[in-house]
Amino acid sequence: MGQLQANGKEVVHEEEGNIVVINTCGFINNAKEESINTILEYVGKKEDGLIDKVFVTGCLSERYKPDLQKEIPDVDEYFGTSDLPKLLKVLGADYKHELLGERLTTTPKNYAYLKIAEGCDRPCSFCAIPIMRGGHRSTPIERLVVEAEKLAAKGVKELILIAQDLTYYGLDLYKERKLADLLEALVKVDGIEWIRLHYAFPTGFPMDVLKVMREEPKICKYIDIPLQHISDNVLRSMRRGTTKAKTTRLLREFRNAVPEMAIRTTLIVGYPGETEEDFEELKAWVSEMRFDRLGCFTYSHEENTHAYQLVDDIPEKVKQQRAQEIMELQAGISWELNQEKVGKIVTCMIDRKEGNYFVGRTEYDSPDVDNETLIDAAKYYLPVGEFVEVKIMETGDFDLFGAPLDSSHE
Ligand code: SF4
């Protein structure tokens with residue numbers, strides 16, 4: 001979008017223009033369905049003469065281009081994940097190398113995602129991402145610093161670091177893990193106040209990151225570490241390169257090094273061959289570990305992955321039931337953890353006003369996926385995009401309700 005804008009094109013996100021570019025996801029069934037429905041919706045609009053052209057890019061078209069061309073031929077052109085220059089060309093724009101890091105973000109002004117690497121070298125059996133995104137390529141530290149500076153100049157205060165695998169950062173480029181060095185470089189960027197870590201892989205986690213997190217206030221005491229399962233049988237078949245004992249030890253080390261750290265994870269239930277015992281073991285472990293945040297997905301059987309050779313033997317109903325059980329268990333844990341926050345004072349980033357509330361987040365919460373802190377907009381006026389000190393008054397299972405400390409907000 002930054003490239004198009006620099007070429008003098010008017011670009012809008014999720015609003016309609018005469019040319020529509022759909023960026024698709026092809027990761028699991030639900031995402032594929034959503035992408036296909038969106039393509040069909042816009043092809044329909046094109047047929048009705050409401051828009052002139054529809055282009056499709058992203059992971060779904062990387063993975064299934066020939067099928068899509070055959071099944072939905074009314075799309076003007078399909079592009080893969082590395083076809084950006086070609087896509088820009090059909091949109092009448094030139095790919096300008098010097099614009100790397102120049103972005104037009106689609107998130108609220110106060111935060112932005114910073115992609116620090118592309119692709120993945122791990123062999124996880126269930127995962128189609130390496131097929132679509134290729135091997136791991138880290139972006140050099142100095143380029144990320146430039147991108148962060150440009151984002152900060154536009155008012156971004158929080159950087160959310162993402163990659164398919166944050167843990168691997170640097171190994172390809174520098175021949176050693178460099179996430180801690182990257183963090184030390186990013187904290188020096190003026191205007192950036194929070195830096196958050198998503199998608200760390202448990203095997204080979206760079207422990208020097210914990211020291212930076214403990215000592216550097218700009219690094220949110222937060223980590224998202226998708227663990228997928230805990231039964232050794234399932235972990236082995238998933239080819240995750242770790243065990244229950246090693247994972248448990250790692251989480252204990254996190255909590256010892258940075259006691260306040262909020263740990264987020266995601267799990268997969270209904271993986272081929274997951275027995276009732278495996279599932280019970282997972283539930284018991286979720287109860288024991290008391291994750292601050294947790295998401296649970298049902299297994300999706302994906303062509304060309306290693307696990308595709310296995311039999312997808314858990315009925316859909318059982319998968320759903322298991323996911324629901326985990327989420328109910330987590331709701332109770334989350335409620336208990338929230339009770340400990342009542343009466344505490346937290347710094348909140350105010351993301352938006354929605355209905356009767358200002359919606360804020362603490363450093364322990366990431367946008368869209370985690371808890372929110374709601375502040376009554378009938379009683380208080382808060383500056384959106386700014387930090388505000390908030391006292392937590394009450395909580396639900398997930399969200400917190402608070403009031404600003406400073407009476408000038410009344
Ligand atoms: S680390 Fe993540 S992206 Fe890479 S193969 Fe495993 S699940 Fe997929």
# chains A, B, ... in the order shown; residues from 1 in each chain; ligands from 1
$ select_by_dssp --residues "region 285-336 of chain A" --states "strand (DSSP E)" --output "list in words"
Arg293, Leu294, Gly295, Cys296, Phe297 and Thr298 of chain A
$ residues_near_ligand --ligand "ligand 1" --cutoff "8 Å" --atoms "only C-alpha atoms and all ligand atoms" --output "NGL selection string"
:A and (119-130 or 164-165 or 199 or 201 or 226 or 240)
$ residues_around --residues "region 190-198 of chain A" --least-positions-apart "4" --cutoff "9 Å" --atoms "only C-alpha atoms" --output "PyMOL selection string"
chain A and resi 111+148-149+151-153+155-163+165-166+183+186+217-226+264+363+366
$ closest_residue --among "A:Val189, A:Ile392, A:Ala323, A:Val286" --to "Asn338 (chain A)" --atoms "only C-alpha atoms"
A:Ile392
$ select_by_dssp --residues "region 147-394 of chain A" --states "helix (DSSP H, G or I)" --output "PyMOL selection string"
chain A and resi 147-153+166-168+179-186+208-215+232-238+244-257+276-289+306-309+316-339
$ write_last_selection --atoms "C-alpha atoms" --output "mmCIF file, in the first residue's frame"
data_model
loop_
_atom_site.group_PDB
_atom_site.id
_atom_site.type_symbol
_atom_site.label_atom_id
_atom_site.label_comp_id
_atom_site.auth_asym_id
_atom_site.auth_seq_id
_atom_site.Cartn_x
_atom_site.Cartn_y
_atom_site.Cartn_z
ATOM 1 C CA GLU A 147 11.069 0.990 9.263
ATOM 2 C CA ALA A 148 10.439 1.497 12.988
ATOM 3 C CA GLU A 149 11.680 5.100 12.772
ATOM 4 C CA LYS A 150 9.334 5.796 9.869
ATOM 5 C CA LEU A 151 6.421 4.287 11.760
ATOM 6 C CA ALA A 152 7.283 6.282 14.894
ATOM 7 C CA ALA A 153 7.376 9.468 12.798
ATOM 8 C CA LEU A 166 10.469 -15.113 15.953
ATOM 9 C CA THR A 167 12.852 -17.490 17.765
ATOM 10 C CA TYR A 168 14.808 -18.217 14.584
ATOM 11 C CA LEU A 179 16.298 -11.306 18.583
ATOM 12 C CA ALA A 180 17.810 -9.751 21.721
ATOM 13 C CA ASP A 181 20.115 -7.545 19.596
ATOM 14 C CA LEU A 182 17.169 -6.459 17.479
ATOM 15 C CA LEU A 183 15.201 -5.519 20.600
ATOM 16 C CA GLU A 184 18.137 -3.529 21.938
ATOM 17 C CA ALA A 185 18.273 -1.612 18.645
ATOM 18 C CA LEU A 186 14.514 -0.993 18.492
ATOM 19 C CA ASP A 208 19.063 -13.606 26.332
ATOM 20 C CA VAL A 209 15.711 -12.048 25.304
ATOM 21 C CA LEU A 210 14.494 -12.539 28.886
ATOM 22 C CA LYS A 211 17.225 -10.281 30.238
ATOM 23 C CA VAL A 212 16.290 -7.525 27.777
ATOM 24 C CA MET A 213 12.620 -7.946 28.689
ATOM 25 C CA ARG A 214 13.402 -7.692 32.402
ATOM 26 C CA GLU A 215 15.670 -4.686 32.130
ATOM 27 C CA ASP A 232 4.814 -36.301 24.067
ATOM 28 C CA ASN A 233 3.047 -38.665 21.628
ATOM 29 C CA VAL A 234 1.376 -35.787 19.847
ATOM 30 C CA LEU A 235 4.415 -33.475 20.023
ATOM 31 C CA ARG A 236 6.557 -36.186 18.442
ATOM 32 C CA SER A 237 4.119 -36.759 15.610
ATOM 33 C CA MET A 238 3.792 -32.992 15.167
ATOM 34 C CA LYS A 244 6.498 -31.907 27.724
ATOM 35 C CA ALA A 245 9.394 -31.789 30.205
ATOM 36 C CA LYS A 246 11.402 -29.309 28.117
ATOM 37 C CA THR A 247 8.381 -27.086 27.460
ATOM 38 C CA THR A 248 7.398 -27.022 31.138
ATOM 39 C CA ARG A 249 10.974 -26.156 32.101
ATOM 40 C CA LEU A 250 11.049 -23.349 29.547
ATOM 41 C CA LEU A 251 7.849 -21.773 30.875
ATOM 42 C CA ARG A 252 9.186 -21.982 34.442
ATOM 43 C CA GLU A 253 12.364 -20.246 33.302
ATOM 44 C CA PHE A 254 10.251 -17.492 31.709
ATOM 45 C CA ARG A 255 8.363 -16.952 34.946
ATOM 46 C CA ASN A 256 11.482 -17.051 37.094
ATOM 47 C CA ALA A 257 13.281 -14.540 34.884
ATOM 48 C CA GLU A 276 -8.641 -39.310 25.102
ATOM 49 C CA GLU A 277 -5.556 -39.699 27.371
ATOM 50 C CA ASP A 278 -3.539 -37.222 25.283
ATOM 51 C CA PHE A 279 -6.388 -34.742 25.528
ATOM 52 C CA GLU A 280 -6.817 -35.228 29.294
ATOM 53 C CA GLU A 281 -3.072 -34.693 29.691
ATOM 54 C CA LEU A 282 -3.375 -31.440 27.753
ATOM 55 C CA LYS A 283 -6.256 -30.257 29.933
ATOM 56 C CA ALA A 284 -4.428 -31.095 33.143
ATOM 57 C CA TRP A 285 -1.379 -29.215 31.900
ATOM 58 C CA VAL A 286 -3.446 -26.147 30.916
ATOM 59 C CA SER A 287 -4.848 -26.140 34.487
ATOM 60 C CA GLU A 288 -1.372 -26.460 35.934
ATOM 61 C CA MET A 289 0.362 -23.826 33.791
ATOM 62 C CA HIS A 306 3.589 -34.257 6.577
ATOM 63 C CA ALA A 307 0.509 -34.973 8.718
ATOM 64 C CA TYR A 308 -1.612 -35.348 5.579
ATOM 65 C CA GLN A 309 -0.238 -38.884 5.323
ATOM 66 C CA GLU A 316 -15.259 -32.933 13.661
ATOM 67 C CA LYS A 317 -17.766 -33.000 16.525
ATOM 68 C CA VAL A 318 -15.143 -34.380 18.928
ATOM 69 C CA LYS A 319 -12.607 -31.785 17.761
ATOM 70 C CA GLN A 320 -15.119 -29.006 18.448
ATOM 71 C CA GLN A 321 -16.039 -30.489 21.817
ATOM 72 C CA ARG A 322 -12.374 -30.680 22.852
ATOM 73 C CA ALA A 323 -11.722 -27.090 21.784
ATOM 74 C CA GLN A 324 -14.757 -25.941 23.731
ATOM 75 C CA GLU A 325 -13.624 -27.823 26.859
ATOM 76 C CA ILE A 326 -10.208 -26.169 26.706
ATOM 77 C CA MET A 327 -11.718 -22.720 26.215
ATOM 78 C CA GLU A 328 -14.151 -23.227 29.123
ATOM 79 C CA LEU A 329 -11.269 -24.309 31.326
ATOM 80 C CA GLN A 330 -9.277 -21.251 30.253
ATOM 81 C CA ALA A 331 -12.235 -18.898 30.894
ATOM 82 C CA GLY A 332 -12.174 -20.015 34.553
ATOM 83 C CA ILE A 333 -8.402 -19.547 34.788
ATOM 84 C CA SER A 334 -8.618 -16.149 33.131
ATOM 85 C CA TRP A 335 -11.380 -15.071 35.538
ATOM 86 C CA GLU A 336 -9.277 -16.097 38.522
ATOM 87 C CA LEU A 337 -6.214 -14.297 37.198
ATOM 88 C CA ASN A 338 -8.345 -11.211 36.541
ATOM 89 C CA GLN A 339 -9.580 -11.126 40.157
#
$ closest_residue --among "A:Thr81, A:Glu10, A:Leu405, A:Lys53" --to "Cys25 (chain A)" --atoms "only C-alpha atoms"
A:Thr81
$ residues_around --residues "Ile314 (chain A)" --least-positions-apart "5" --cutoff "8 Å" --atoms "only C-alpha atoms" --output "list of chain:residue names"
A:Gly270, A:Tyr271, A:Pro272, A:Gly273, A:Glu274, A:Lys319
$ closest_residue --among "A:Arg293, A:Lys109, A:His13, A:Arg361" --to "Met349 (chain A)" --atoms "only C-alpha atoms"
A:Arg361
$ residues_around --residues "Val384 (chain A)" --least-positions-apart "6" --cutoff "8 Å" --atoms "only C-alpha atoms" --output "list in words"
Ile350, Asp351, Arg352, Lys353 and Phe358 of chain A
$ atom_distance --atom1 "CA of Ile345 (chain A)" --atom2 "CA of Glu389 (chain A)"
6.6 Å
$ residues_around --residues "Gly2 (chain A)" --least-positions-apart "5" --cutoff "12 Å" --atoms "only C-alpha atoms" --output "ChimeraX atom specification"
/A:7-13,84,88,93-106,147,150-151
$ write_last_selection --atoms "N, CA and C atoms" --output "compact mmCIF listing (two decimals), in the first residue's frame"
# COMPACT_ATOMS: atom_id res chain seq x y z
N ASN A 7 3.36 5.94 -5.62
CA ASN A 7 3.20 6.05 -7.07
C ASN A 7 1.98 6.92 -7.44
N GLY A 8 1.47 7.63 -6.46
CA GLY A 8 0.37 8.57 -6.74
C GLY A 8 -1.00 7.92 -6.81
N LYS A 9 -1.13 6.68 -6.33
CA LYS A 9 -2.44 6.01 -6.36
C LYS A 9 -3.18 6.28 -5.06
N GLU A 10 -4.48 6.37 -5.18
CA GLU A 10 -5.28 6.52 -3.97
C GLU A 10 -5.62 5.12 -3.46
N VAL A 11 -5.22 4.81 -2.22
CA VAL A 11 -5.42 3.46 -1.69
C VAL A 11 -6.25 3.52 -0.42
N VAL A 12 -7.25 2.68 -0.33
CA VAL A 12 -8.03 2.60 0.90
C VAL A 12 -8.13 1.15 1.34
N HIS A 13 -8.27 0.97 2.64
CA HIS A 13 -8.34 -0.39 3.19
C HIS A 13 -9.79 -0.69 3.57
N LEU A 84 4.89 -9.24 -5.61
CA LEU A 84 4.53 -7.83 -5.40
C LEU A 84 4.89 -6.92 -6.59
N LEU A 88 2.09 -4.73 -8.59
CA LEU A 88 2.16 -3.27 -8.70
C LEU A 88 2.11 -2.87 -10.17
N ALA A 93 1.80 0.82 -11.22
CA ALA A 93 2.81 1.40 -10.33
C ALA A 93 4.13 0.67 -10.51
N ASP A 94 5.23 1.38 -10.23
CA ASP A 94 6.55 0.76 -10.31
C ASP A 94 6.99 0.35 -8.91
N TYR A 95 7.59 -0.82 -8.81
CA TYR A 95 8.14 -1.24 -7.53
C TYR A 95 9.42 -0.44 -7.29
N LYS A 96 9.44 0.33 -6.21
CA LYS A 96 10.61 1.16 -5.93
C LYS A 96 11.36 0.58 -4.73
N HIS A 97 12.56 0.10 -5.00
CA HIS A 97 13.35 -0.54 -3.96
C HIS A 97 13.62 0.42 -2.80
N GLU A 98 13.83 1.69 -3.14
CA GLU A 98 14.18 2.66 -2.09
C GLU A 98 13.00 2.92 -1.13
N LEU A 99 11.83 2.41 -1.49
CA LEU A 99 10.67 2.62 -0.62
C LEU A 99 10.50 1.52 0.42
N LEU A 100 11.44 0.60 0.46
CA LEU A 100 11.33 -0.48 1.45
C LEU A 100 11.15 0.11 2.85
N GLY A 101 10.16 -0.38 3.56
CA GLY A 101 9.91 0.15 4.90
C GLY A 101 8.94 1.31 4.90
N GLU A 102 8.56 1.77 3.72
CA GLU A 102 7.58 2.87 3.61
C GLU A 102 6.20 2.22 3.64
N ARG A 103 5.43 2.53 4.65
CA ARG A 103 4.17 1.80 4.79
C ARG A 103 2.97 2.70 4.94
N LEU A 104 1.85 2.18 4.47
CA LEU A 104 0.57 2.81 4.75
C LEU A 104 -0.14 1.77 5.62
N THR A 105 -0.21 2.01 6.91
CA THR A 105 -0.72 0.97 7.80
C THR A 105 -2.25 0.96 7.82
N THR A 106 -2.80 -0.18 8.17
CA THR A 106 -4.26 -0.31 8.24
C THR A 106 -4.73 -0.47 9.68
N GLU A 147 12.53 1.13 9.36
CA GLU A 147 11.07 0.99 9.26
C GLU A 147 10.40 1.45 10.56
N LYS A 150 10.36 5.21 10.74
CA LYS A 150 9.33 5.80 9.87
C LYS A 150 7.94 5.65 10.49
N LEU A 151 7.72 4.50 11.11
CA LEU A 151 6.42 4.29 11.76
C LEU A 151 6.27 5.24 12.95
$ residues_around --residues "Ala377 (chain A)" --least-positions-apart "5" --cutoff "9 Å" --atoms "only C-alpha atoms" --output "VMD selection string"
chain A and resid 353 to 358 382
$ write_last_selection --atoms "N, CA, C and O atoms" --output "PDB file, in the first residue's frame"
ATOM      1  N   LYS A 353     -12.662   4.347  20.759  1.00  0.00           N
ATOM      2  CA  LYS A 353     -13.931   4.477  21.489  1.00  0.00           C
ATOM      3  C   LYS A 353     -14.922   3.602  20.749  1.00  0.00           C
ATOM      4  O   LYS A 353     -14.997   3.660  19.524  1.00  0.00           O
ATOM      5  N   GLU A 354     -15.633   2.777  21.484  1.00  0.00           N
ATOM      6  CA  GLU A 354     -16.590   1.882  20.829  1.00  0.00           C
ATOM      7  C   GLU A 354     -17.842   1.843  21.684  1.00  0.00           C
ATOM      8  O   GLU A 354     -17.795   1.441  22.849  1.00  0.00           O
ATOM      9  N   GLY A 355     -18.961   2.271  21.107  1.00  0.00           N
ATOM     10  CA  GLY A 355     -20.216   2.302  21.869  1.00  0.00           C
ATOM     11  C   GLY A 355     -20.045   3.169  23.102  1.00  0.00           C
ATOM     12  O   GLY A 355     -19.571   4.305  23.015  1.00  0.00           O
ATOM     13  N   ASN A 356     -20.353   2.602  24.268  1.00  0.00           N
ATOM     14  CA  ASN A 356     -20.316   3.380  25.503  1.00  0.00           C
ATOM     15  C   ASN A 356     -18.971   3.333  26.214  1.00  0.00           C
ATOM     16  O   ASN A 356     -18.862   3.753  27.359  1.00  0.00           O
ATOM     17  N   TYR A 357     -17.985   2.768  25.556  1.00  0.00           N
ATOM     18  CA  TYR A 357     -16.693   2.590  26.248  1.00  0.00           C
ATOM     19  C   TYR A 357     -15.497   3.120  25.450  1.00  0.00           C
ATOM     20  O   TYR A 357     -15.499   3.054  24.219  1.00  0.00           O
ATOM     21  N   PHE A 358     -14.508   3.585  26.201  1.00  0.00           N
ATOM     22  CA  PHE A 358     -13.167   3.707  25.624  1.00  0.00           C
ATOM     23  C   PHE A 358     -12.510   2.342  25.821  1.00  0.00           C
ATOM     24  O   PHE A 358     -12.644   1.738  26.903  1.00  0.00           O
ATOM     25  N   LEU A 382     -11.323  10.232  27.275  1.00  0.00           N
ATOM     26  CA  LEU A 382      -9.923   9.798  27.216  1.00  0.00           C
ATOM     27  C   LEU A 382      -9.338  10.048  25.831  1.00  0.00           C
ATOM     28  O   LEU A 382     -10.056   9.950  24.822  1.00  0.00           O
TER      29      LEU A 382
END
